[in-house]
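Shown below: data_23.pdb, with PDB, C-alpha atoms.
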ATOM      1  CA  TYR S  28       3.321  10.306  -5.785
ATOM      2  CA  ALA S  29       5.357   9.529  -8.891
ATOM      3  CA  LEU S  30       8.512  10.466  -7.001
ATOM      4  CA  ALA S  31       7.519   8.130  -4.170
ATOM      5  CA  ARG S  32       7.066   5.262  -6.613
ATOM      6  CA  ALA S  33      10.463   5.951  -8.166
ATOM      7  CA  LEU S  34      12.094   6.063  -4.741
ATOM      8  CA  THR S  35      10.450   2.749  -3.838
ATOM      9  CA  HIS S  36      11.835   1.263  -7.028
ATOM     10  CA  LEU S  37      15.285   2.536  -6.015
ATOM     11  CA  LYS S  38      14.790   0.944  -2.561
ATOM     12  CA  LYS S  39      14.902   4.306  -0.811
ATOM     13  CA  TYR S  40      11.932   3.352   1.324
ATOM     14  CA  ASP S  41      12.145   6.032   4.016
ATOM     15  CA  GLU S  42      12.226   8.798   1.414
ATOM     16  CA  ALA S  43       9.468   7.097  -0.553
ATOM     17  CA  MET S  44       7.233   6.859   2.522
ATOM     18  CA  GLU S  45       7.859  10.509   3.368
ATOM     19  CA  ASN S  46       7.036  11.685  -0.160
ATOM     20  CA  ALA S  47       3.976   9.453  -0.425
ATOM     21  CA  SER S  48       2.693  10.648   2.954
ATOM     22  CA  ILE S  49       2.908  14.220   1.728
ATOM     23  CA  ALA S  50       1.067  13.244  -1.465
ATOM     24  CA  VAL S  51      -1.728  11.674   0.606
ATOM     25  CA  GLU S  52      -1.963  14.795   2.780
ATOM     26  CA  LEU S  53      -2.172  17.048  -0.281
ATOM     27  CA  GLY S  54      -4.652  14.845  -2.129
ATOM     28  CA  PRO S  55      -6.451  12.506   0.256
ATOM     29  CA  GLU S  56      -8.962  11.536  -2.446
ATOM     30  CA  GLU S  57      -6.209  10.369  -4.824
ATOM     31  CA  LEU S  58      -6.051   6.576  -4.703
ATOM     32  CA  ALA S  59      -2.748   6.667  -6.581
ATOM     33  CA  ALA S  60      -1.181   8.553  -3.665
ATOM     34  CA  HIS S  61      -2.523   5.989  -1.190
ATOM     35  CA  ARG S  62      -1.242   3.203  -3.439
ATOM     36  CA  ALA S  63       2.229   4.780  -3.580
ATOM     37  CA  LEU S  64       2.282   5.019   0.218
ATOM     38  CA  ALA S  65       1.063   1.444   0.603
ATOM     39  CA  GLU S  66       3.697   0.143  -1.830
ATOM     40  CA  ALA S  67       6.505   2.033  -0.105
ATOM     41  CA  CYS S  68       5.393   0.832   3.317
ATOM     42  CA  LEU S  69       5.040  -2.778   2.212
ATOM     43  CA  ALA S  70       8.484  -2.732   0.596
ATOM     44  CA  GLY S  71       9.988  -0.900   3.576
ATOM     45  CA  GLY S  72       8.497  -3.236   6.163
ATOM     46  CA  GLU S  73       6.032  -0.750   7.661
ATOM     47  CA  LEU S  74       3.285  -3.362   7.584
ATOM     48  CA  PRO S  75       0.640  -1.673   9.785
ATOM     49  CA  THR S  76       0.601   1.413   7.566
ATOM     50  CA  ALA S  77       0.684  -0.689   4.392
ATOM     51  CA  ILE S  78      -2.305  -2.690   5.647
ATOM     52  CA  ASP S  79      -4.237   0.455   6.558
ATOM     53  CA  GLU S  80      -3.559   2.017   3.161
ATOM     54  CA  TYR S  81      -4.448  -1.110   1.184
ATOM     55  CA  ARG S  82      -7.641  -1.518   3.239
ATOM     56  CA  TYR S  83      -8.576   2.063   2.370
ATOM     57  CA  ILE S  84      -7.918   1.405  -1.316
ATOM     58  CA  VAL S  85      -9.956  -1.808  -1.537
ATOM     59  CA  LYS S  86     -12.774  -0.250   0.495
ATOM     60  CA  THR S  87     -12.876   2.644  -1.984
ATOM     61  CA  ASP S  88     -12.357   0.499  -5.090
ATOM     62  CA  SER S  89     -13.401  -3.087  -4.405
ATOM     63  CA  ASP S  90     -12.524  -4.101  -7.989
ATOM     64  CA  ASP S  91      -8.830  -3.298  -7.522
ATOM     65  CA  ASP S  92      -7.506  -6.860  -7.702
ATOM     66  CA  GLU S  93      -3.864  -5.849  -7.408
ATOM     67  CA  SER S  94      -4.506  -3.997  -4.145
ATOM     68  CA  HIS S  95      -6.456  -6.969  -2.782
ATOM     69  CA  HIS S  96      -3.435  -9.147  -3.575
ATOM     70  CA  LYS S  97      -0.996  -6.675  -2.007
ATOM     71  CA  LEU S  98      -3.230  -6.407   1.077
ATOM     72  CA  GLY S  99      -3.144 -10.185   1.319
ATOM     73  CA  GLU S 100       0.639 -10.109   1.027
ATOM     74  CA  ALA S 101       0.940  -7.497   3.784
ATOM     75  CA  LEU S 102      -1.443  -9.418   6.042
ATOM     76  CA  PHE S 103       0.488 -12.637   5.410
ATOM     77  CA  LYS S 104       3.791 -10.958   6.261
ATOM     78  CA  SER S 105       2.244  -9.581   9.459
ATOM     79  CA  GLY S 106       1.163 -13.068  10.499
ATOM     80  CA  ASP S 107      -2.578 -12.659   9.883
ATOM     81  CA  LEU S 108      -2.928 -15.752   7.711
ATOM     82  CA  ASP S 109      -6.731 -16.058   7.851
ATOM     83  CA  SER S 110      -7.307 -12.493   6.682
ATOM     84  CA  SER S 111      -4.643 -12.835   4.005
ATOM     85  CA  LEU S 112      -6.419 -15.853   2.502
ATOM     86  CA  THR S 113      -9.609 -13.814   2.180
ATOM     87  CA  GLU S 114      -7.764 -11.209   0.116
ATOM     88  CA  PHE S 115      -6.115 -13.799  -2.131
ATOM     89  CA  LYS S 116      -9.513 -15.249  -3.183
TER      90      LYS S 116
END

Written as structure tokens, that's how I'd like the structure from this file.
Amino acid sequence: YALARALTHLKKYDEAMENASIAVELGPEELAAHRALAEACLAGGELPTAIDEYRYIVKTDSDDDESHHKLGEALFKSGDLDSSLTEFK
């Protein structure tokens, strides 16, 4: 998932999503892999997948404030304003 994060930083979103998806498949219990996929999808405009991944992360680790914020951002960008406000609180 480190490669996926680097590719996201380089704005190579398709490659980042592909690499992060593989990381999630290989280690489905690794929240860092899910986070890398969520970040790549959010940056690359794949909002449904980003939302699903961030929801998984915050369900697994409810204290992850950054992922709550990013979930709110993804929900806001998708037009779900009410749900986004819940995540920003």

Using the chain letters and residue numbers of this document, give as a PDB file with C-alpha atoms, in the coordinates of the input the residues selected by the PyMOL selection byres ((chain S and resi 48) around 10).
ATOM      1  CA  TYR S  28       3.321  10.306  -5.785  1.00  0.00           C
ATOM      2  CA  ALA S  31       7.519   8.130  -4.170  1.00  0.00           C
ATOM      3  CA  GLU S  42      12.226   8.798   1.414  1.00  0.00           C
ATOM      4  CA  ALA S  43       9.468   7.097  -0.553  1.00  0.00           C
ATOM      5  CA  MET S  44       7.233   6.859   2.522  1.00  0.00           C
ATOM      6  CA  GLU S  45       7.859  10.509   3.368  1.00  0.00           C
ATOM      7  CA  ASN S  46       7.036  11.685  -0.160  1.00  0.00           C
ATOM      8  CA  ALA S  47       3.976   9.453  -0.425  1.00  0.00           C
ATOM      9  CA  ILE S  49       2.908  14.220   1.728  1.00  0.00           C
ATOM     10  CA  ALA S  50       1.067  13.244  -1.465  1.00  0.00           C
ATOM     11  CA  VAL S  51      -1.728  11.674   0.606  1.00  0.00           C
ATOM     12  CA  GLU S  52      -1.963  14.795   2.780  1.00  0.00           C
ATOM     13  CA  LEU S  53      -2.172  17.048  -0.281  1.00  0.00           C
ATOM     14  CA  GLY S  54      -4.652  14.845  -2.129  1.00  0.00           C
ATOM     15  CA  PRO S  55      -6.451  12.506   0.256  1.00  0.00           C
ATOM     16  CA  ALA S  60      -1.181   8.553  -3.665  1.00  0.00           C
ATOM     17  CA  HIS S  61      -2.523   5.989  -1.190  1.00  0.00           C
ATOM     18  CA  ALA S  63       2.229   4.780  -3.580  1.00  0.00           C
ATOM     19  CA  LEU S  64       2.282   5.019   0.218  1.00  0.00           C
ATOM     20  CA  ALA S  65       1.063   1.444   0.603  1.00  0.00           C
ATOM     21  CA  ALA S  67       6.505   2.033  -0.105  1.00  0.00           C
TER      22      ALA S  67
END

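CA of Leu58 (chain S) is positioned 6.5 Å from CA of Ile84 (chain S).
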
Q. Looking at all atoms listed in the file, which of S:Thr76, S:Ser94, S:Ser105, S:Thr35 is the one that sits closest to Arg62 (chain S)?
A.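 The closest residue to Arg62 (chain S) is S:Ser94.
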
Q. Between S:Leu30, S:Lys116, S:Lys39, S:Gly99, which has the minimum distance to Ile78 (chain S) (counting all atoms listed in the file)?
A.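 The shortest atom-to-atom distance to Ile78 (chain S) comes from S:Gly99.
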
Q) What does the distance between CA of Glu114 (chain S) and CA of Tyr40 (chain S) come to in Å, to one decimal place? A) 24.5 Å

Q | Separation of CA of His36 (chain S) from CA of Gly71 (chain S) in Å | A |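 The value is 11.0 Å.
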